[in-house]
Structures are given as C-alpha cells and as structure tokens.
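Peer 1: Would you mind keeping the following structure in view while I ask a few things?
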There are 2 protein chains.
Amino acid sequence: MGDKGTATRERILEVALQLFQHKGFGGTSISDILDSAGIKKGTLYFHFTSKDEIGFTVLKRASSELSAFLDSVLVGDTPLAKLDSYFIGILESQRRLKFVGGCIFGNAALEMSDSNALYADYIGQVFEQWIETLRSIVAAAQSSGDIRGDIPAEALARHIVATTEGAIMLARIHKHEHSLNLCFTSLRQMLAPVRTK
Amino acid sequence: MGDKGTATRERILEVALQLFQHKGFGGTSISDILDSAGIKKGTLYFHFTSKDEIGFTVLKRASSELSAFLDSVLVGDTPLAKLDSYFIGILESQRRLKFVGGCIFGNAALEMSDSNALYADYIGQVFEQWIETLRSIVAAAQSSGDIRGDIPAEALARHIVATTEGAIMLARIHKHEHSLNLCFTSLRQMLAPVRTK
C-alpha cells in the first residue's frame, strides 16, 4: 500500500475510534465514518470489509496502546513505587483527555458484553492481561512488605482495575477529577501494610 | 388513561429498558421499540413524544428502583451489618440477572456522559445520591468503630460505588461472579479497623 493508502487507512481508524468513544460502536454507522473521514464508500471498503473489521482493528490497536501505557506508568525503583506511578498515570491521562472518552475497553465492555460474544471475549482477555500485569507487581510489593499481605494479590489487582474503571466513569460523568482522586487516595491508603486491631 | 393504555405504556417502557440495556440508547431506534413491543408508530407517539422522553422515563423509573433496592439491601442491626448486606445484595442481584445487563446507570453513563449533557447531569445526580446514601452509613460505622476511621467517609463511599460499578462490569464480561466476589471480599477486608504497622 502506498503512502496515500496508508494515510487513508490511518484516517479511517482514527475517525472510527473517536466515533466509537463518543457515540458507541452500535451508534456509529459506516456512513458516520465516511462523513467524518471525508471519504467515499468504495475507499473505505478497499481498506476494510465490514464495520466489525474496523472495530476489531481499533480494539487491537487500543490494546497495544494500553500495554504501552502500562509499561510507561508502571515504573519506579520498587513495586510500590510502580503502583504509585500507576495511580498518578491514570489520573494524568484522564486529565489530559479532560475526562472525555473514558476507557475504550470499559465503554466497549458495557456496550457489547451481552450482545457480541467475540468482542466480549477479546475485551475480557484485555482486562485479564491488565489484571495479571498488576497482580505480579502487587505480589512483589507484598513480598517486600510494602503493601498488605493479608489479601491475595489477584484480588487486590482485580480490585485496583475495577476501581480504576468505576472511578474513570464517575470522573467522566462529572468532567472532574474528584472521584478519581478520592478513590485512588483511599485505595492507596487501604493497600498499606496493616495490623488488625 | 384506560387499563389498555396503561398496559401499552408499560409495555413500551419495559421493551425500551431491555433494548437500552442490550443495545445501548444510541443503538436502539424507535423502530426497534415498535418491533419488540409489537405496536404501531401512532400508538407509541400517543404515549411518548420522542425517544428522549422514553429514555428519561426509563431512567427515572430505574432511579426509583435503585432507591428501593438500596433500601431493601441496606438493612441490619448495625451500620456494618448494612454494608455487609449491601455487598451480598449487589452480588445476588447480578447473579439473578446471570451477569447480563449490568447497571443501567453505568451503561448510560459510559454511553452518554460526553454526548448528552442532560442525561449526564441526571445520571450524575443518581450516582451522587447513591454515594450519599452509603456515606451516611459509612460515617455511622466509623463512629461505632466498626470500620476504619482514617479515611473520610465520602472517599470510602465513592470508592465502594466505583468498585461496585467496575466489578459489575468485569463480572458481566466474563458472565461469572469471580470478579464481584474478589473485589467485594478485598474491599470488605480493607474497610476493617486497622492500625498501621
């Protein structure tokens, strides 16, 4: 494919991502994509055979971007420093987005978990990978005594991802970081090593 | 309105709720509602002037049902018993739904937070009411020393709602209660009174 073809393919995927984020996958038609990209139907079908092919391509790219994002924020000298950097990274990424768009996987999950088993399966794998990435860091932080060891690492990792998704959603409704701040601050405090009274 | 008219109105709202939950608000057309309800366009427009009027009526009913649900599960001899009953109640309600449909407010929030300020405002109020209901119980449980007092009640309440929404979403993707179980078990344990090491 020449440079022009590659650029057109990119443009279709960028426009589709924006539309899916703002109108949902079901709410976005091929016509919407054509209008927003300013291209003709034949040009789109030269690059993609269906809306599903566009949908999966957008999700696969978003999955690669999520992995790269997690690699970029899960940094620090200790496992706990990596978790702290994760909380800051999520908050900053939502701030940059001005609390618009939320998490594409959360959006896709809520829209398609019941109606499209192929998408649900793919989205489920993305979340399990995210949880597994955090689980290994949580387990290391538990081993070094930096976070509480009385709750299994998998439960804590799953809890962190669930709270992340729920807090992004609340921040998005209000277009304000208040919910993300309070949820992450309380979660961070709850991860501290403790002795039951 | 006669019994028949009332029944038709009910039928439209029930069908619309099912469609919004499974296909999203944007993905549901008036035609979808007509087909599923087995009625003619004129009949629908006798009861509702627009899809938005149907949407808001569905959300207002769901809001009343959420209040009634919270009243029914936030029961117990102590504030902590009420919170325990809340976690069980959410899990059981999702089990009854076989992890299909999720939370209508979570779904609507993710679909419409960016695109429809009127809906976003309404949904935001529903979540703030939910958080406030939990905040007052959390504060009472803190006063009685049954849960940790080192994190503000509002932060804990917001955290509980965010985790509830995120865990319902994960359970819905996998059609399994694993995520709800682990998130609520860890959250419950993290609420216990603690002394920092």
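Identifiers in the structure tokens: chain A, B, ... in order shown; residue index from 1 per chain; ligand index from 1 in order shown.
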With chain A held fixed, move chain B onto it by a least-squares fit of all C-alpha atoms in order and give the output as a PDB file with C-alpha atoms, in the first residue's frame.
Peer 2:
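Listed below is the output, out.pdb:
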```pdb
ATOM      1  CA  MET B   1       0.023   0.011   0.036  1.00  0.00           C
ATOM      2  CA  GLY B   2       1.332   3.433  -0.880  1.00  0.00           C
ATOM      3  CA  ASP B   3       1.748   6.345   1.528  1.00  0.00           C
ATOM      4  CA  LYS B   4      -1.625   7.724   0.511  1.00  0.00           C
ATOM      5  CA  GLY B   5      -3.361   4.388   1.111  1.00  0.00           C
ATOM      6  CA  THR B   6      -1.670   4.031   4.488  1.00  0.00           C
ATOM      7  CA  ALA B   7      -2.710   7.566   5.423  1.00  0.00           C
ATOM      8  CA  THR B   8      -6.322   6.854   4.424  1.00  0.00           C
ATOM      9  CA  ARG B   9      -6.381   3.649   6.453  1.00  0.00           C
ATOM     10  CA  GLU B  10      -4.989   5.555   9.455  1.00  0.00           C
ATOM     11  CA  ARG B  11      -7.568   8.269   8.998  1.00  0.00           C
ATOM     12  CA  ILE B  12     -10.418   5.732   8.945  1.00  0.00           C
ATOM     13  CA  LEU B  13      -9.155   4.121  12.153  1.00  0.00           C
ATOM     14  CA  GLU B  14      -8.654   7.447  13.942  1.00  0.00           C
ATOM     15  CA  VAL B  15     -12.098   8.696  12.979  1.00  0.00           C
ATOM     16  CA  ALA B  16     -13.690   5.357  13.908  1.00  0.00           C
ATOM     17  CA  LEU B  17     -12.006   5.409  17.336  1.00  0.00           C
ATOM     18  CA  GLN B  18     -13.323   8.922  18.022  1.00  0.00           C
ATOM     19  CA  LEU B  19     -16.830   7.981  16.904  1.00  0.00           C
ATOM     20  CA  PHE B  20     -16.905   4.699  18.892  1.00  0.00           C
ATOM     21  CA  GLN B  21     -15.734   6.581  21.999  1.00  0.00           C
ATOM     22  CA  HIS B  22     -18.328   9.315  21.700  1.00  0.00           C
ATOM     23  CA  LYS B  23     -21.323   7.548  20.129  1.00  0.00           C
ATOM     24  CA  GLY B  24     -20.661   3.919  20.950  1.00  0.00           C
ATOM     25  CA  PHE B  25     -19.964   1.117  18.485  1.00  0.00           C
ATOM     26  CA  GLY B  26     -23.671   0.456  17.871  1.00  0.00           C
ATOM     27  CA  GLY B  27     -24.403   4.163  17.506  1.00  0.00           C
ATOM     28  CA  THR B  28     -21.717   4.596  14.825  1.00  0.00           C
ATOM     29  CA  SER B  29     -22.652   3.745  11.254  1.00  0.00           C
ATOM     30  CA  ILE B  30     -20.410   3.263   8.261  1.00  0.00           C
ATOM     31  CA  SER B  31     -21.967   6.507   6.949  1.00  0.00           C
ATOM     32  CA  ASP B  32     -20.806   8.342  10.090  1.00  0.00           C
ATOM     33  CA  ILE B  33     -17.258   7.102   9.460  1.00  0.00           C
ATOM     34  CA  LEU B  34     -17.409   8.128   5.785  1.00  0.00           C
ATOM     35  CA  ASP B  35     -18.720  11.599   6.679  1.00  0.00           C
ATOM     36  CA  SER B  36     -16.174  12.233   9.425  1.00  0.00           C
ATOM     37  CA  ALA B  37     -13.251  10.915   7.380  1.00  0.00           C
ATOM     38  CA  GLY B  38     -14.439  12.746   4.263  1.00  0.00           C
ATOM     39  CA  ILE B  39     -14.041   9.673   2.055  1.00  0.00           C
ATOM     40  CA  LYS B  40     -16.228   7.640  -0.279  1.00  0.00           C
ATOM     41  CA  LYS B  41     -17.714   4.241   0.474  1.00  0.00           C
ATOM     42  CA  GLY B  42     -15.527   2.492  -2.112  1.00  0.00           C
ATOM     43  CA  THR B  43     -12.403   3.864  -0.475  1.00  0.00           C
ATOM     44  CA  LEU B  44     -13.455   2.541   2.924  1.00  0.00           C
ATOM     45  CA  TYR B  45     -14.309  -0.908   1.533  1.00  0.00           C
ATOM     46  CA  PHE B  46     -10.924  -1.031  -0.187  1.00  0.00           C
ATOM     47  CA  HIS B  47      -9.364  -1.008   3.291  1.00  0.00           C
ATOM     48  CA  PHE B  48     -11.960  -2.812   5.414  1.00  0.00           C
ATOM     49  CA  THR B  49     -14.627  -5.404   4.606  1.00  0.00           C
ATOM     50  CA  SER B  50     -17.019  -4.506   7.452  1.00  0.00           C
ATOM     51  CA  LYS B  51     -17.651  -2.343  10.506  1.00  0.00           C
ATOM     52  CA  ASP B  52     -16.588  -5.355  12.596  1.00  0.00           C
ATOM     53  CA  GLU B  53     -13.194  -5.431  10.895  1.00  0.00           C
ATOM     54  CA  ILE B  54     -12.789  -1.739  11.715  1.00  0.00           C
ATOM     55  CA  GLY B  55     -13.998  -2.367  15.272  1.00  0.00           C
ATOM     56  CA  PHE B  56     -11.542  -5.202  15.932  1.00  0.00           C
ATOM     57  CA  THR B  57      -8.666  -3.285  14.341  1.00  0.00           C
ATOM     58  CA  VAL B  58      -9.441  -0.304  16.603  1.00  0.00           C
ATOM     59  CA  LEU B  59      -9.622  -2.562  19.684  1.00  0.00           C
ATOM     60  CA  LYS B  60      -6.365  -4.346  18.814  1.00  0.00           C
ATOM     61  CA  ARG B  61      -4.561  -1.028  18.470  1.00  0.00           C
ATOM     62  CA  ALA B  62      -6.078   0.213  21.717  1.00  0.00           C
ATOM     63  CA  SER B  63      -4.881  -2.988  23.376  1.00  0.00           C
ATOM     64  CA  SER B  64      -1.325  -2.341  22.179  1.00  0.00           C
ATOM     65  CA  GLU B  65      -1.605   1.231  23.403  1.00  0.00           C
ATOM     66  CA  LEU B  66      -2.855   0.074  26.805  1.00  0.00           C
ATOM     67  CA  SER B  67       0.147  -2.268  27.108  1.00  0.00           C
ATOM     68  CA  ALA B  68       2.501   0.564  26.148  1.00  0.00           C
ATOM     69  CA  PHE B  69       0.735   2.898  28.586  1.00  0.00           C
ATOM     70  CA  LEU B  70       1.051   0.373  31.426  1.00  0.00           C
ATOM     71  CA  ASP B  71       4.737  -0.115  30.602  1.00  0.00           C
ATOM     72  CA  SER B  72       5.238   3.655  30.670  1.00  0.00           C
ATOM     73  CA  VAL B  73       3.503   4.247  34.013  1.00  0.00           C
ATOM     74  CA  LEU B  74       4.475   1.087  35.899  1.00  0.00           C
ATOM     75  CA  VAL B  75       7.937   2.467  36.557  1.00  0.00           C
ATOM     76  CA  GLY B  76       9.857   3.073  39.764  1.00  0.00           C
ATOM     77  CA  ASP B  77      12.596   1.657  41.967  1.00  0.00           C
ATOM     78  CA  THR B  78      10.235  -0.577  43.912  1.00  0.00           C
ATOM     79  CA  PRO B  79       6.982  -2.440  43.175  1.00  0.00           C
ATOM     80  CA  LEU B  80       5.143   0.053  45.429  1.00  0.00           C
ATOM     81  CA  ALA B  81       6.671   2.999  43.556  1.00  0.00           C
ATOM     82  CA  LYS B  82       5.357   1.384  40.359  1.00  0.00           C
ATOM     83  CA  LEU B  83       1.837   1.170  41.792  1.00  0.00           C
ATOM     84  CA  ASP B  84       1.997   4.803  42.952  1.00  0.00           C
ATOM     85  CA  SER B  85       3.136   5.782  39.483  1.00  0.00           C
ATOM     86  CA  TYR B  86       0.203   3.791  38.032  1.00  0.00           C
ATOM     87  CA  PHE B  87      -2.361   5.788  40.024  1.00  0.00           C
ATOM     88  CA  ILE B  88      -0.747   9.093  38.991  1.00  0.00           C
ATOM     89  CA  GLY B  89      -0.500   7.939  35.377  1.00  0.00           C
ATOM     90  CA  ILE B  90      -4.209   7.037  35.146  1.00  0.00           C
ATOM     91  CA  LEU B  91      -5.223  10.344  36.744  1.00  0.00           C
ATOM     92  CA  GLU B  92      -2.959  12.347  34.436  1.00  0.00           C
ATOM     93  CA  SER B  93      -4.125  10.517  31.324  1.00  0.00           C
ATOM     94  CA  GLN B  94      -7.768  11.293  32.201  1.00  0.00           C
ATOM     95  CA  ARG B  95      -6.836  14.919  32.957  1.00  0.00           C
ATOM     96  CA  ARG B  96      -5.216  15.184  29.530  1.00  0.00           C
ATOM     97  CA  LEU B  97      -8.437  13.850  27.976  1.00  0.00           C
ATOM     98  CA  LYS B  98     -10.378  16.405  30.078  1.00  0.00           C
ATOM     99  CA  PHE B  99     -12.373  13.422  31.385  1.00  0.00           C
ATOM    100  CA  VAL B 100     -13.849  12.832  27.934  1.00  0.00           C
ATOM    101  CA  GLY B 101     -13.919   9.412  26.258  1.00  0.00           C
ATOM    102  CA  GLY B 102     -13.066   7.367  29.336  1.00  0.00           C
ATOM    103  CA  CYS B 103     -11.594   3.899  28.792  1.00  0.00           C
ATOM    104  CA  ILE B 104     -12.344   2.361  25.413  1.00  0.00           C
ATOM    105  CA  PHE B 105     -12.385  -1.147  26.917  1.00  0.00           C
ATOM    106  CA  GLY B 106     -14.805  -0.126  29.652  1.00  0.00           C
ATOM    107  CA  ASN B 107     -17.032   1.498  27.052  1.00  0.00           C
ATOM    108  CA  ALA B 108     -16.871  -1.464  24.711  1.00  0.00           C
ATOM    109  CA  ALA B 109     -17.412  -3.890  27.592  1.00  0.00           C
ATOM    110  CA  LEU B 110     -20.606  -2.176  28.716  1.00  0.00           C
ATOM    111  CA  GLU B 111     -21.893  -1.878  25.189  1.00  0.00           C
ATOM    112  CA  MET B 112     -21.038  -5.325  23.863  1.00  0.00           C
ATOM    113  CA  SER B 113     -20.606  -7.806  26.745  1.00  0.00           C
ATOM    114  CA  ASP B 114     -24.099  -9.198  26.268  1.00  0.00           C
ATOM    115  CA  SER B 115     -24.630  -8.750  22.568  1.00  0.00           C
ATOM    116  CA  ASN B 116     -21.410  -9.797  20.877  1.00  0.00           C
ATOM    117  CA  ALA B 117     -19.529 -12.795  22.263  1.00  0.00           C
ATOM    118  CA  LEU B 118     -16.505 -12.271  20.001  1.00  0.00           C
ATOM    119  CA  TYR B 119     -15.967  -8.714  21.216  1.00  0.00           C
ATOM    120  CA  ALA B 120     -16.732  -9.705  24.830  1.00  0.00           C
ATOM    121  CA  ASP B 121     -14.123 -12.464  24.651  1.00  0.00           C
ATOM    122  CA  TYR B 122     -11.490 -10.125  23.251  1.00  0.00           C
ATOM    123  CA  ILE B 123     -12.263  -7.378  25.790  1.00  0.00           C
ATOM    124  CA  GLY B 124     -12.209  -9.949  28.592  1.00  0.00           C
ATOM    125  CA  GLN B 125      -8.707 -11.013  27.552  1.00  0.00           C
ATOM    126  CA  VAL B 126      -7.519  -7.394  27.572  1.00  0.00           C
ATOM    127  CA  PHE B 127      -8.811  -6.918  31.137  1.00  0.00           C
ATOM    128  CA  GLU B 128      -7.299 -10.218  32.321  1.00  0.00           C
ATOM    129  CA  GLN B 129      -3.922  -9.187  30.891  1.00  0.00           C
ATOM    130  CA  TRP B 130      -4.190  -5.808  32.658  1.00  0.00           C
ATOM    131  CA  ILE B 131      -5.098  -7.569  35.941  1.00  0.00           C
ATOM    132  CA  GLU B 132      -2.224 -10.056  35.516  1.00  0.00           C
ATOM    133  CA  THR B 133       0.270  -7.216  34.920  1.00  0.00           C
ATOM    134  CA  LEU B 134      -0.828  -5.550  38.152  1.00  0.00           C
ATOM    135  CA  ARG B 135      -1.005  -8.877  40.039  1.00  0.00           C
ATOM    136  CA  SER B 136       2.675  -9.585  39.500  1.00  0.00           C
ATOM    137  CA  ILE B 137       3.613  -6.119  40.797  1.00  0.00           C
ATOM    138  CA  VAL B 138       1.228  -6.397  43.756  1.00  0.00           C
ATOM    139  CA  ALA B 139       2.721  -9.799  44.628  1.00  0.00           C
ATOM    140  CA  ALA B 140       6.242  -8.334  44.502  1.00  0.00           C
ATOM    141  CA  ALA B 141       5.164  -5.404  46.725  1.00  0.00           C
ATOM    142  CA  GLN B 142       3.646  -7.889  49.160  1.00  0.00           C
ATOM    143  CA  SER B 143       6.882  -9.926  49.213  1.00  0.00           C
ATOM    144  CA  SER B 144       8.876  -6.817  50.070  1.00  0.00           C
ATOM    145  CA  GLY B 145       6.350  -5.936  52.799  1.00  0.00           C
ATOM    146  CA  ASP B 146       5.395  -2.656  51.150  1.00  0.00           C
ATOM    147  CA  ILE B 147       1.705  -3.477  50.850  1.00  0.00           C
ATOM    148  CA  ARG B 148      -0.608  -5.622  52.965  1.00  0.00           C
ATOM    149  CA  GLY B 149      -0.167  -9.365  52.563  1.00  0.00           C
ATOM    150  CA  ASP B 150      -3.482 -10.489  54.050  1.00  0.00           C
ATOM    151  CA  ILE B 151      -5.429 -10.316  50.773  1.00  0.00           C
ATOM    152  CA  PRO B 152      -4.449 -12.419  47.726  1.00  0.00           C
ATOM    153  CA  ALA B 153      -2.552 -10.467  45.051  1.00  0.00           C
ATOM    154  CA  GLU B 154      -5.113 -11.424  42.405  1.00  0.00           C
ATOM    155  CA  ALA B 155      -7.966 -10.009  44.488  1.00  0.00           C
ATOM    156  CA  LEU B 156      -6.080  -6.741  45.016  1.00  0.00           C
ATOM    157  CA  ALA B 157      -5.145  -6.467  41.337  1.00  0.00           C
ATOM    158  CA  ARG B 158      -8.744  -7.143  40.242  1.00  0.00           C
ATOM    159  CA  HIS B 159      -9.945  -4.612  42.815  1.00  0.00           C
ATOM    160  CA  ILE B 160      -7.498  -1.986  41.491  1.00  0.00           C
ATOM    161  CA  VAL B 161      -8.724  -2.479  37.905  1.00  0.00           C
ATOM    162  CA  ALA B 162     -12.416  -2.432  38.948  1.00  0.00           C
ATOM    163  CA  THR B 163     -11.881   0.760  40.966  1.00  0.00           C
ATOM    164  CA  THR B 164      -9.926   2.309  38.080  1.00  0.00           C
ATOM    165  CA  GLU B 165     -12.805   1.648  35.687  1.00  0.00           C
ATOM    166  CA  GLY B 166     -15.501   2.811  38.103  1.00  0.00           C
ATOM    167  CA  ALA B 167     -13.595   5.961  39.071  1.00  0.00           C
ATOM    168  CA  ILE B 168     -12.870   6.875  35.432  1.00  0.00           C
ATOM    169  CA  MET B 169     -16.605   6.521  34.803  1.00  0.00           C
ATOM    170  CA  LEU B 170     -17.585   8.791  37.731  1.00  0.00           C
ATOM    171  CA  ALA B 171     -14.954  11.387  36.745  1.00  0.00           C
ATOM    172  CA  ARG B 172     -16.264  11.291  33.192  1.00  0.00           C
ATOM    173  CA  ILE B 173     -19.880  11.922  34.233  1.00  0.00           C
ATOM    174  CA  HIS B 174     -18.893  14.987  36.240  1.00  0.00           C
ATOM    175  CA  LYS B 175     -15.987  16.080  33.963  1.00  0.00           C
ATOM    176  CA  HIS B 176     -13.967  16.462  37.144  1.00  0.00           C
ATOM    177  CA  GLU B 177     -11.154  14.543  38.831  1.00  0.00           C
ATOM    178  CA  HIS B 178     -12.745  14.506  42.305  1.00  0.00           C
ATOM    179  CA  SER B 179     -13.877  10.860  42.092  1.00  0.00           C
ATOM    180  CA  LEU B 180     -10.540   9.632  40.723  1.00  0.00           C
ATOM    181  CA  ASN B 181      -8.664  11.506  43.448  1.00  0.00           C
ATOM    182  CA  LEU B 182     -10.782  10.180  46.298  1.00  0.00           C
ATOM    183  CA  CYS B 183     -10.975   6.602  45.005  1.00  0.00           C
ATOM    184  CA  PHE B 184      -7.236   6.335  44.377  1.00  0.00           C
ATOM    185  CA  THR B 185      -6.304   8.067  47.650  1.00  0.00           C
ATOM    186  CA  SER B 186      -8.477   5.709  49.653  1.00  0.00           C
ATOM    187  CA  LEU B 187      -7.342   2.672  47.661  1.00  0.00           C
ATOM    188  CA  ARG B 188      -3.685   3.625  48.139  1.00  0.00           C
ATOM    189  CA  GLN B 189      -4.218   4.013  51.878  1.00  0.00           C
ATOM    190  CA  MET B 190      -6.066   0.685  52.044  1.00  0.00           C
ATOM    191  CA  LEU B 191      -3.105  -1.084  50.394  1.00  0.00           C
ATOM    192  CA  ALA B 192      -0.742  -0.051  53.206  1.00  0.00           C
ATOM    193  CA  PRO B 193       0.573  -2.816  55.484  1.00  0.00           C
ATOM    194  CA  VAL B 194      -1.758  -3.132  58.466  1.00  0.00           C
ATOM    195  CA  ARG B 195      -2.336  -4.924  61.699  1.00  0.00           C
ATOM    196  CA  THR B 196      -5.949  -5.648  62.540  1.00  0.00           C
ATOM    197  CA  LYS B 197      -6.936  -4.003  65.827  1.00  0.00           C
TER     198      LYS B 197
END
```
Peer 1: Would you return as a PyMOL selection string the members of chain A that DSSP assigns to helix (DSSP H, G or I) on this structure's backbone?
Peer 2: chain A and resi 3-23+30-37+41-47+51-73+79-96+104-112+117-143+153-174+178-191
